[in-house]
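Written below as structure tokens is the structure these notes are about.
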Amino acid sequence: KKFTVFVPASVFSPELPTELGNEKTVVQGIADCAFVENGEIVIVDYKTDSNVTEQELLERYSGQLRIYRRALQECLNMPVKSTLIYSFSLGKTIEVE
């Protein structure tokens, strides 16, 4: 699912002064997989990183997926049930809080 949304700059840099933090930033992205389950969106992002731990994947990609959550919720006007990383290397799904 492709998306384009405006996000306050403070999402990326919380330390910005209020005036600058409220400036809108254009964010474009593509969610690998998004589907509706019981009226809520489930987002799955596939990762091919090798030789990584679950924690490393969460540290690398949680910020990206929080933006995807916000964007798809806004674009589709539906709540997000869960945001997940599927790691091919680990062969498992990791929930992003």
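Chain labels follow the order of the structure tokens: the first chain is A, the next B, and so on; residue numbering restarts at 1 in every chain, and ligands are counted from 1 in their shown order.
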**OP:** Give the alpha helix (DSSP H) residues of chain A, as assigned by DSSP on the backbone, as a list in words.
**Re:**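 Alpha helix (DSSP H) members of chain A, listed: Thr18, Glu19, Leu20, Gly21, Glu54, Gln55, Glu56, Leu57, Leu58, Glu59, Arg60, Tyr61, Ser62, Gly63, Gln64, Leu65, Arg66, Ile67, Tyr68, Arg69, Arg70, Ala71, Leu72, Gln73, Glu74, Cys75 and Leu76 of chain A.
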Original post:
Could you pull out the strand (DSSP E or B) residues of chain A from DSSP and send them as an MDAnalysis selection string?
Top reply: chainID A and resid 2:8 24:30 33:37 40:47 80:87 92:96
**OP:** Write out as a PyMOL selection string the residues lying within 9 Å of Glu97 in chain A, counting only C-alpha atoms and excluding same-chain residues fewer than 5 positions away.
**Re:** chain A and resi 62+66+82-84
Original post:
Any idea what the distance is between CA of Lys24 in chain A and CA of Gly63 in chain A?
Top reply: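 Atom-to-atom, CA of Lys24 in chain A to CA of Gly63 in chain A, that is 17.4 Å.
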Subject >> Long-range neighbours of Gln55 in chain A as an MDAnalysis selection string, 12 Å cut-off, only C-alpha atoms, 5 positions minimum in chain >> reply: chainID A and resid 60:62 85 87 90 94:96
Residues of the last selection are to be written out with N, CA, C and O atoms, as a compact mmCIF listing (two decimals), in the first residue's frame.
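Written file, selection36.txt:
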```txt
# COMPACT_ATOMS: atom_id res chain seq x y z
N ARG A 60 16.13 -0.93 14.71
CA ARG A 60 16.30 -0.35 13.37
C ARG A 60 15.00 0.14 12.76
O ARG A 60 14.98 1.14 12.05
N TYR A 61 13.91 -0.59 12.98
CA TYR A 61 12.71 -0.35 12.17
C TYR A 61 11.46 0.10 12.94
O TYR A 61 10.46 0.41 12.31
N SER A 62 11.50 0.16 14.25
CA SER A 62 10.31 0.57 15.01
C SER A 62 9.84 1.97 14.62
O SER A 62 8.64 2.20 14.47
N ILE A 85 6.85 -7.03 12.09
CA ILE A 85 8.00 -7.25 11.22
C ILE A 85 8.06 -8.75 10.99
O ILE A 85 7.98 -9.53 11.95
N SER A 87 10.76 -11.35 9.79
CA SER A 87 12.18 -11.51 9.48
C SER A 87 12.39 -12.83 8.76
O SER A 87 12.16 -13.90 9.33
N LEU A 90 15.30 -14.73 10.58
CA LEU A 90 14.93 -15.40 11.84
C LEU A 90 13.77 -16.37 11.65
O LEU A 90 13.52 -17.21 12.51
N ILE A 94 7.69 -10.45 14.47
CA ILE A 94 7.99 -9.66 15.67
C ILE A 94 6.99 -8.52 15.73
O ILE A 94 6.83 -7.77 14.78
N GLU A 95 6.33 -8.38 16.87
CA GLU A 95 5.35 -7.30 17.04
C GLU A 95 6.07 -6.01 17.42
O GLU A 95 6.94 -6.01 18.29
N VAL A 96 5.68 -4.92 16.78
CA VAL A 96 6.22 -3.59 17.07
C VAL A 96 5.21 -2.88 17.95
O VAL A 96 4.04 -2.77 17.57
```
Subject >> range 67-78 of chain A surroundings by only C-alpha atoms, 8 Å radius, close-in-sequence under 3 positions cut, as JSON, numbers by chain >> reply: {"A": [3, 4, 5, 29, 31, 39, 40, 41, 43, 63, 64, 83]}
Could you take the residues named above and write them with N, CA and C atoms, as a PDB file, in the first residue's frame?
```pdb
ATOM      1  N   PHE A   3       1.569   5.269   0.282  1.00  0.00           N
ATOM      2  CA  PHE A   3       0.943   6.364   1.020  1.00  0.00           C
ATOM      3  C   PHE A   3       1.808   7.611   0.946  1.00  0.00           C
ATOM      4  N   THR A   4       1.142   8.746   1.098  1.00  0.00           N
ATOM      5  CA  THR A   4       1.784  10.054   1.242  1.00  0.00           C
ATOM      6  C   THR A   4       0.997  10.799   2.302  1.00  0.00           C
ATOM      7  N   VAL A   5       1.689  11.240   3.343  1.00  0.00           N
ATOM      8  CA  VAL A   5       1.031  11.961   4.430  1.00  0.00           C
ATOM      9  C   VAL A   5       1.917  13.114   4.893  1.00  0.00           C
ATOM     10  N   GLY A  29       5.776   6.459   1.467  1.00  0.00           N
ATOM     11  CA  GLY A  29       6.269   5.119   1.732  1.00  0.00           C
ATOM     12  C   GLY A  29       5.390   4.073   1.092  1.00  0.00           C
ATOM     13  N   ALA A  31       3.950   0.270   2.335  1.00  0.00           N
ATOM     14  CA  ALA A  31       3.860  -0.833   3.288  1.00  0.00           C
ATOM     15  C   ALA A  31       3.885  -2.127   2.477  1.00  0.00           C
ATOM     16  N   GLY A  39     -12.246  -5.334  10.971  1.00  0.00           N
ATOM     17  CA  GLY A  39     -12.401  -3.883  10.939  1.00  0.00           C
ATOM     18  C   GLY A  39     -11.177  -3.091  11.356  1.00  0.00           C
ATOM     19  N   GLU A  40     -10.033  -3.762  11.513  1.00  0.00           N
ATOM     20  CA  GLU A  40      -8.802  -3.070  11.898  1.00  0.00           C
ATOM     21  C   GLU A  40      -7.672  -3.485  10.951  1.00  0.00           C
ATOM     22  N   ILE A  41      -6.700  -2.584  10.782  1.00  0.00           N
ATOM     23  CA  ILE A  41      -5.592  -2.833   9.862  1.00  0.00           C
ATOM     24  C   ILE A  41      -4.483  -3.606  10.566  1.00  0.00           C
ATOM     25  N   ILE A  43      -0.503  -4.438   9.729  1.00  0.00           N
ATOM     26  CA  ILE A  43       0.603  -4.053   8.851  1.00  0.00           C
ATOM     27  C   ILE A  43       1.732  -5.059   9.053  1.00  0.00           C
ATOM     28  N   GLY A  63      10.763   2.897  14.465  1.00  0.00           N
ATOM     29  CA  GLY A  63      10.396   4.259  14.085  1.00  0.00           C
ATOM     30  C   GLY A  63       9.700   4.299  12.737  1.00  0.00           C
ATOM     31  N   GLN A  64      10.251   3.580  11.771  1.00  0.00           N
ATOM     32  CA  GLN A  64       9.648   3.507  10.436  1.00  0.00           C
ATOM     33  C   GLN A  64       8.228   2.950  10.528  1.00  0.00           C
ATOM     34  N   THR A  83       1.136  -3.957  14.220  1.00  0.00           N
ATOM     35  CA  THR A  83       2.200  -3.664  13.278  1.00  0.00           C
ATOM     36  C   THR A  83       3.280  -4.715  13.515  1.00  0.00           C
TER      37      THR A  83
END
```
Subject >> Option closest in space to Lys47 in chain A, from A:Gly21, A:Gly91, A:Pro14, A:Pro8 [counting only C-alpha atoms] >> reply: A:Gly91
